[in-house]
>>> print(open('query16.txt').read())   # compact mmCIF, C-alpha atoms
# COMPACT_ATOMS: atom_id res chain seq x y z
CA MET A 195 16.30 -42.41 54.32
CA SER A 196 18.10 -42.59 57.66
CA LEU A 197 18.33 -39.38 59.65
CA GLY A 198 20.93 -40.66 62.08
CA PRO A 199 21.26 -39.92 65.79
CA TYR A 200 19.83 -36.40 65.49
CA ALA A 201 16.60 -37.41 63.73
CA SER A 202 14.47 -35.79 66.46
CA PHE A 203 16.09 -32.37 65.85
CA ILE A 204 15.53 -32.62 62.08
CA THR A 205 11.92 -33.79 62.30
CA THR A 206 11.10 -31.20 65.00
CA ALA A 207 12.53 -28.41 62.80
CA TYR A 208 10.53 -29.47 59.71
CA THR A 209 7.34 -30.05 61.74
CA LEU A 210 7.62 -26.65 63.39
CA VAL A 211 8.08 -24.87 60.04
CA ALA A 212 5.04 -26.71 58.64
CA VAL A 213 2.89 -25.86 61.69
CA VAL A 214 3.83 -22.15 61.71
CA LEU A 215 3.25 -21.82 57.94
CA VAL A 216 -0.13 -23.59 58.15
CA ILE A 217 -1.15 -21.23 61.00
CA LEU A 218 0.00 -18.21 58.93
CA ILE A 219 -1.89 -19.35 55.81
CA GLY A 220 -4.99 -20.22 57.87
CA TRP A 221 -4.92 -16.86 59.67
CA ILE A 222 -4.75 -14.94 56.36
CA ALA A 223 -7.55 -17.06 54.83
CA ILE A 224 -9.82 -16.62 57.89
CA ASP A 225 -9.10 -12.89 58.00
CA TYR A 226 -10.17 -12.60 54.32
CA ARG A 227 -13.46 -14.41 55.03
CA ASN A 228 -14.11 -12.22 58.09
CA GLN A 229 -13.47 -8.95 56.24
CA LYS A 230 -15.71 -9.95 53.34
CA ALA A 231 -18.48 -11.02 55.74
CA ARG A 232 -18.26 -7.66 57.60
CA LEU A 233 -18.39 -5.77 54.29
CA ARG A 234 -21.51 -7.70 53.22
CA GLU A 235 -23.14 -7.04 56.62
CA LEU A 236 -22.46 -3.32 56.33
CA GLU A 237 -23.78 -3.22 52.77
CA ALA A 238 -26.89 -5.12 53.84
CA SER A 239 -27.51 -2.52 56.56
CA GLY A 240 -27.52 0.24 53.93
CA ALA A 241 -23.94 1.49 53.97
CA ALA A 242 -22.63 1.93 50.43
CA ARG A 243 -19.29 2.92 48.94
CA ARG A 244 -19.09 6.06 46.83
CA SER A 245 -18.05 3.95 43.82
CA GLY A 246 -21.18 1.82 44.23
CA ARG A 247 -19.08 -1.38 44.23
CA THR A 248 -20.08 -4.18 46.61
CA ALA A 249 -18.21 -6.92 48.49
CA SER A 250 -19.15 -9.44 45.78
CA ASP A 251 -17.20 -7.36 43.20
CA ILE A 252 -13.94 -8.14 45.07
CA MET B 252 -0.65 -1.89 33.83
CA THR B 253 1.85 0.51 35.44
CA LEU B 254 2.88 1.05 39.07
CA ILE B 255 0.69 4.19 39.13
CA ASP B 256 -2.34 2.09 38.12
CA LEU B 257 -1.66 -0.14 41.13
CA ALA B 258 -2.06 2.90 43.39
CA ASN B 259 -5.77 2.35 42.86
CA PRO B 260 -6.79 -0.28 45.47
CA SER B 261 -9.65 -1.56 43.29
CA LYS B 262 -7.27 -2.24 40.38
CA PHE B 263 -4.82 -3.86 42.80
CA LEU B 264 -7.58 -6.16 44.12
CA ALA B 265 -8.61 -7.13 40.60
CA LEU B 266 -5.03 -7.87 39.50
CA THR B 267 -4.13 -9.87 42.63
CA ALA B 268 -7.36 -11.89 42.40
CA ARG B 269 -6.11 -13.13 39.00
CA LEU B 270 -2.47 -13.56 40.11
CA LEU B 271 -2.88 -15.33 43.46
CA PRO B 272 -4.01 -18.79 42.24
CA TRP B 273 -1.01 -18.94 39.86
CA LEU B 274 1.41 -17.82 42.55
CA ALA B 275 0.00 -20.33 45.05
CA GLY B 276 0.28 -23.13 42.48
CA ALA B 277 3.89 -22.22 41.58
CA THR B 278 4.79 -22.05 45.30
CA ALA B 279 3.29 -25.50 45.98
CA ILE B 280 5.11 -27.07 43.01
CA LEU B 281 8.48 -25.50 43.90
CA LEU B 282 8.08 -26.45 47.58
CA ALA B 283 7.36 -30.05 46.58
CA ILE B 284 10.46 -30.13 44.31
CA GLY B 285 12.64 -28.47 46.97
CA LEU B 286 11.48 -30.80 49.76
CA THR B 287 12.07 -33.87 47.57
CA GLN B 288 15.58 -32.65 46.69
CA ALA B 289 16.25 -31.87 50.36
CA ALA B 290 15.15 -35.38 51.37
CA LEU B 291 17.37 -36.97 48.69
CA ALA B 292 20.42 -34.77 49.40
CA PRO B 293 23.42 -36.69 50.75
CA ASP B 294 24.61 -36.40 54.35
CA ASP B 295 27.38 -33.91 55.04
CA TYR B 296 30.75 -35.49 55.88
CA GLN B 297 30.89 -33.55 59.16
CA GLN B 298 27.29 -32.72 60.06
CA GLY B 299 25.64 -35.93 58.88
CA ALA B 300 21.88 -35.67 58.24
CA THR B 301 21.50 -32.48 60.33
CA VAL B 302 22.55 -30.58 57.19
CA LYS B 303 18.92 -31.07 56.07
CA ILE B 304 17.92 -28.38 58.60
CA MET B 305 19.87 -25.92 56.40
CA PHE B 306 17.24 -26.25 53.62
CA ILE B 307 14.60 -24.66 55.85
CA HIS B 308 16.78 -22.55 58.16
CA VAL B 309 18.60 -20.54 55.47
CA PRO B 310 15.49 -19.55 53.39
CA ASN B 311 13.75 -18.40 56.59
CA ALA B 312 16.82 -16.44 57.65
CA TRP B 313 17.14 -14.78 54.22
CA LEU B 314 13.45 -13.90 54.18
CA SER B 315 13.55 -12.47 57.70
CA MET B 316 15.90 -9.78 56.34
CA PHE B 317 14.30 -9.53 52.87
CA VAL B 318 10.86 -8.80 54.37
CA TRP B 319 12.31 -5.97 56.48
CA GLY B 320 13.92 -4.67 53.27
CA VAL B 321 10.50 -4.73 51.56
CA MET B 322 9.01 -2.91 54.56
CA SER B 323 11.78 -0.30 54.37
CA LEU B 324 10.97 0.38 50.70
CA ALA B 325 7.30 0.62 51.64
CA ALA B 326 8.24 3.04 54.45
CA LEU B 327 9.96 5.27 51.87
CA GLY B 328 6.80 4.97 49.75
CA THR B 329 4.76 6.20 52.72
CA LEU B 330 7.04 9.06 53.78
CA VAL B 331 8.41 10.28 50.43
CA TRP B 332 5.96 9.37 47.66
CA ARG B 333 2.81 8.94 49.83
CA HIS B 334 1.81 5.93 47.72
CA PRO B 335 -1.67 4.82 48.88
CA LEU B 336 -0.68 1.15 49.06
CA ALA B 337 2.76 1.65 50.68
CA ASP B 338 1.58 1.51 54.29
CA VAL B 339 -0.82 -1.32 53.41
CA ALA B 340 2.20 -3.27 52.10
CA ALA B 341 4.27 -2.49 55.20
CA LYS B 342 1.53 -3.43 57.66
CA ALA B 343 0.70 -6.67 55.82
CA ALA B 344 4.36 -7.76 55.65
CA ALA B 345 5.16 -7.41 59.37
CA PRO B 346 3.45 -10.56 60.74
CA ILE B 347 4.81 -12.65 57.84
CA GLY B 348 8.34 -11.34 58.47
CA ALA B 349 7.94 -12.05 62.20
CA ALA B 350 6.93 -15.66 61.41
CA PHE B 351 9.98 -16.18 59.12
CA THR B 352 12.31 -14.66 61.73
CA PHE B 353 10.84 -16.84 64.47
CA LEU B 354 11.36 -19.92 62.29
CA ALA B 355 14.95 -18.86 61.47
CA LEU B 356 15.69 -18.56 65.20
CA VAL B 357 14.04 -21.86 66.19
CA THR B 358 15.42 -23.96 63.31
CA GLY B 359 18.86 -22.43 63.91
CA SER B 360 18.58 -23.36 67.56
CA LEU B 361 17.57 -26.94 66.68
CA TRP B 362 20.54 -27.14 64.28
CA GLY B 363 22.90 -25.56 66.81
CA ARG B 364 22.24 -28.03 69.65
CA PRO B 365 23.70 -31.12 67.87
CA MET B 366 26.43 -29.13 66.02
CA TRP B 367 27.57 -26.55 68.59
CA GLY B 368 26.40 -28.31 71.74
CA THR B 369 24.06 -25.45 72.67
CA TYR B 370 20.64 -24.17 71.65
CA TRP B 371 21.60 -20.54 72.16
CA GLU B 372 24.69 -18.37 72.34
CA TRP B 373 24.65 -14.60 72.79
CA ASP B 374 26.89 -14.05 69.77
CA ALA B 375 26.52 -11.20 67.27
CA ARG B 376 24.54 -13.08 64.58
CA LEU B 377 22.04 -14.76 66.91
CA THR B 378 21.54 -11.64 69.04
CA SER B 379 21.07 -9.31 66.03
CA VAL B 380 18.44 -11.69 64.55
CA LEU B 381 16.67 -11.83 67.94
CA ILE B 382 16.63 -8.00 67.93
CA LEU B 383 15.09 -8.13 64.41
CA PHE B 384 12.35 -10.45 65.74
CA LEU B 385 11.65 -8.09 68.66
CA MET B 386 11.49 -5.14 66.23
CA TYR B 387 8.88 -7.00 64.15
CA LEU B 388 6.80 -7.54 67.31
CA GLY B 389 7.23 -3.85 68.23
CA LEU B 390 5.99 -2.77 64.78
CA ILE B 391 2.95 -5.07 64.97
CA ALA B 392 2.17 -3.64 68.44
CA LEU B 393 2.51 -0.08 67.08
CA TRP B 394 0.08 -0.77 64.22
CA ARG B 395 -2.42 -2.18 66.71
CA ALA B 396 -1.98 0.62 69.27
CA VAL B 397 -2.83 3.53 66.92
CA GLU B 398 -6.40 3.35 65.62
CA ASP B 399 -6.02 5.75 62.67
CA PRO B 400 -4.09 3.80 59.96
CA SER B 401 -2.56 6.93 58.36
CA ARG B 402 -1.13 8.16 61.70
CA ALA B 403 0.15 4.67 62.54
CA ALA B 404 1.70 4.43 59.06
CA ARG B 405 3.99 7.44 59.52
CA ALA B 406 5.22 6.32 62.97
CA ALA B 407 5.73 2.75 61.72
CA ALA B 408 7.58 3.99 58.62
CA VAL B 409 10.08 5.95 60.75
CA LEU B 410 10.59 2.97 63.06
CA THR B 411 11.06 0.65 60.05
CA LEU B 412 13.73 2.88 58.51
CA VAL B 413 15.57 3.16 61.84
CA GLY B 414 15.35 -0.64 62.21
CA ALA B 415 16.86 -1.13 58.73
CA ILE B 416 20.24 -0.27 60.30
CA ASN B 417 20.10 -3.77 61.79
CA LEU B 418 20.14 -5.45 58.33
CA PRO B 419 23.84 -4.85 57.47
CA ILE B 420 24.69 -5.64 61.11
CA ILE B 421 23.02 -9.06 60.74
CA LYS B 422 24.63 -9.71 57.34
CA PHE B 423 28.18 -8.76 58.32
CA SER B 424 28.06 -9.76 62.01
CA VAL B 425 29.86 -13.01 61.19
CA ASP B 426 32.70 -11.04 59.54
CA TRP B 427 32.94 -8.15 61.99
CA TRP B 428 32.90 -10.20 65.20
CA ASN B 429 34.16 -13.58 66.29
CA THR B 430 30.92 -15.58 66.34
CA LEU B 431 29.89 -19.18 66.88
CA HIS B 432 27.77 -18.87 63.72
CA GLN B 433 29.58 -19.82 60.51
CA PRO B 434 30.47 -17.10 57.97
CA ALA B 435 28.48 -16.71 54.71
CA SER B 436 28.83 -19.73 52.44
CA VAL B 437 26.37 -18.96 49.61
CA LEU B 438 26.22 -15.18 49.03
CA ARG B 439 29.91 -14.28 49.25
CA LEU B 440 32.75 -12.94 47.15
CA GLY B 441 34.40 -15.73 45.17
CA GLY B 442 31.19 -17.74 44.82
CA SER B 443 29.46 -20.31 46.96
CA SER B 444 31.52 -22.75 49.00
CA LEU B 445 28.63 -25.24 49.08
CA ASP B 446 28.70 -28.40 46.98
CA ARG B 447 26.08 -28.50 44.17
CA ALA B 448 24.38 -31.42 45.93
CA PHE B 449 23.42 -28.98 48.72
CA LEU B 450 23.40 -25.70 46.79
CA ILE B 451 20.70 -26.64 44.23
CA PRO B 452 18.07 -27.86 46.78
CA LEU B 453 18.87 -24.83 48.92
CA LEU B 454 18.31 -22.40 46.04
CA VAL B 455 15.08 -24.18 45.01
CA MET B 456 13.82 -23.92 48.61
CA ALA B 457 14.88 -20.25 48.75
CA VAL B 458 12.89 -19.45 45.58
CA ALA B 459 9.91 -21.49 46.89
CA PHE B 460 9.93 -19.60 50.22
CA SER B 461 10.27 -16.27 48.37
CA LEU B 462 7.23 -17.14 46.22
CA LEU B 463 5.41 -18.16 49.40
CA PHE B 464 6.17 -14.74 50.87
CA ILE B 465 4.95 -12.92 47.75
CA THR B 466 1.72 -14.98 47.74
CA LEU B 467 1.03 -14.44 51.45
CA HIS B 468 1.98 -10.78 51.27
CA LEU B 469 -0.41 -10.04 48.38
CA ALA B 470 -3.20 -11.96 50.16
CA ALA B 471 -2.54 -10.07 53.42
CA MET B 472 -2.52 -6.74 51.52
CA ARG B 473 -5.95 -7.58 50.07
CA ASN B 474 -7.20 -8.25 53.62
CA GLU B 475 -5.83 -4.91 54.82
CA ILE B 476 -7.56 -3.03 51.98
CA LEU B 477 -10.85 -4.75 52.88
CA ARG B 478 -10.30 -3.92 56.59
CA ARG B 479 -9.91 -0.22 55.69
CA ARG B 480 -13.06 -0.33 53.56
CA VAL B 481 -14.96 -1.84 56.51
CA ARG B 482 -13.58 0.91 58.77
CA SER B 483 -14.53 3.72 56.38
CA LEU B 484 -18.05 2.30 55.89
CA GLN B 485 -18.48 2.00 59.67
CA MET B 486 -17.34 5.61 60.13
CA MET B 487 -19.66 6.78 57.35
CA GLN B 488 -22.56 4.92 58.95
CA ALA B 489 -21.74 6.39 62.38
CA SER B 490 -21.56 9.96 61.02
CA GLN B 491 -24.89 9.50 59.18
CA HIS B 492 -26.42 8.23 62.44
CA ILE B 493 -25.10 11.26 64.36
CA ALA B 494 -26.38 13.66 61.67
CA PHE B 495 -29.83 11.99 61.71
CA SER B 496 -30.00 12.11 65.55
CA SER B 497 -29.09 15.81 65.66
CA GLU B 498 -31.69 16.56 62.95
CA VAL B 499 -34.38 14.73 64.97
CA GLU B 500 -33.29 16.56 68.13
CA ALA B 501 -33.37 19.95 66.37
CA GLY B 502 -36.83 19.15 64.93
CA SER B 503 -38.31 18.22 68.32
CA ARG B 504 -36.80 21.37 69.91
CA GLN B 505 -38.41 23.52 67.20
CA GLU B 506 -41.74 21.76 67.75
CA ASN B 507 -41.56 22.39 71.52
CA ALA B 508 -40.68 26.02 70.94
CA SER B 509 -43.66 26.58 68.61
CA LYS B 510 -45.97 24.86 71.13
CA GLN B 511 -44.71 27.18 73.89
CA ILE B 512 -45.28 30.23 71.66
CA GLY B 513 -48.76 28.97 70.88
CA ALA B 514 -49.54 28.48 74.60
CA ALA B 515 -48.28 31.99 75.40
>>> encode(input="query16.txt", output="structure tokens")
Amino acid sequence: MSLGPYASFITTAYTLVAVVLVILIGWIAIDYRNQKARLRELEASGAARRSGRTASDI
Amino acid sequence: MTLIDLANPSKFLALTARLLPWLAGATAILLAIGLTQAALAPDDYQQGATVKIMFIHVPNAWLSMFVWGVMSLAALGTLVWRHPLADVAAKAAAPIGAAFTFLALVTGSLWGRPMWGTYWEWDARLTSVLILFLMYLGLIALWRAVEDPSRAARAAAVLTLVGAINLPIIKFSVDWWNTLHQPASVLRLGGSSLDRAFLIPLLVMAVAFSLLFITLHLAAMRNEILRRRVRSLQMMQASQHIAFSSEVEAGSRQENASKQIGAA
């Protein structure tokens, strides 16, 4: 597959999309881990939800 | 399960936990098919291989507007129906929409340089999309500036609905003004002017990116629900601590008073 004289523009565009999407996915995954860890910490320190559910139920 | 059932965050979390792996799998498969088709698509007779940028630029551009549309519906949900998950949906969508808009601008710029001879032109389409990007950033800043999520939600909902005026301006900017950007070639009266060799990979990529948005949006909504649970537990803990401290203080004051009476 030849990309012609503008190959650098095409590869830069695709690389940039991949990088931004990986950052977005990574950020959401890390945020999920952080929120669950904070919930567990709070539950361990005695804070409990009215429903009685814990972070491990999520 | 009805829409009313989904108003319960616990039910929403349970449903999305089951849905997300399937959505992620479908997104990955469709992205792989779309990227393969994009790689195998022929060169355009005028643009050459740079037409391949279209397969990522157009889905990002469509989603930049679609996400604001989703946020506008969520804003109505917040202001009119007071749906408990409406502002969660709006807040979670903003960073994803900002990322798609940023990618639409940058990939468009990288496509424009070889085709138009310039990375940027202050024409109606490019400028209105830049304004959309700035509005996304403004909304994210607003959500972060106001600590109470319910107060932030109302202000953000009003701003989102005002910003929705920009959507038809973006869509019809190429028809209303003389712009460097080409007019619509897929979603237009009289059908698409694109050849099937380009149209099919483009549509596959558009569906793949839409599924990606749905997957990321549901995951981000789950995070926001957890963040609010953390906040409410922290507030509950803080109020219990204050109540305990004031009880201890009141007890020691009473003790001192009885000692003083005894001494007298």
>>> interface_residues(input="query16.txt", of="chain A", to="chain B", cutoff="7 Å", atoms="only C-alpha atoms", output="tab-separated table (two decimals) with C-alpha atoms, in the coordinates of the input")
chain	number	residue	atom	x	y	z
A	197	LEU	CA	18.33	-39.38	59.65
A	198	GLY	CA	20.93	-40.66	62.08
A	200	TYR	CA	19.83	-36.40	65.49
A	203	PHE	CA	16.09	-32.37	65.85
A	204	ILE	CA	15.53	-32.62	62.08
A	207	ALA	CA	12.53	-28.41	62.80
A	211	VAL	CA	8.08	-24.87	60.04
A	222	ILE	CA	-4.75	-14.94	56.36
A	225	ASP	CA	-9.10	-12.89	58.00
A	226	TYR	CA	-10.17	-12.60	54.32
A	229	GLN	CA	-13.47	-8.95	56.24
A	232	ARG	CA	-18.26	-7.66	57.60
A	233	LEU	CA	-18.39	-5.77	54.29
A	241	ALA	CA	-23.94	1.49	53.97
A	252	ILE	CA	-13.94	-8.14	45.07
>>> atom_distance(input="query16.txt", atom1="CA of Trp373 in chain B", atom2="CA of Gln297 in chain B")
24.2 Å
>>> atom_distance(input="query16.txt", atom1="CA of Ala375 in chain B", atom2="CA of Asp426 in chain B")
9.9 Å
>>> atom_distance(input="query16.txt", atom1="CA of Gly389 in chain B", atom2="CA of Ile219 in chain A")
21.9 Å
>>> residues_around(input="query16.txt", residues="Ser436 in chain B", least_positions_apart="5", cutoff="7 Å", atoms="only C-alpha atoms", output="list in words")
Ser443, Ser444 and Leu445 of chain B
>>> residues_around(input="query16.txt", residues="Thr329 in chain B", least_positions_apart="4", cutoff="7 Å", atoms="only C-alpha atoms", output="count of residues only")
7
>>> residues_around(input="query16.txt", residues="Ile416 in chain B", least_positions_apart="2", cutoff="12 Å", atoms="only C-alpha atoms", output="PyMOL selection string")
chain B and resi 316+319-320+323+379+382-383+386+409-414+418-423
>>> closest_residue(input="query16.txt", among="B:Ile451, B:Val499, B:Ala345, B:Ala494", to="Gly285 in chain B", atoms="only C-alpha atoms")
B:Ile451
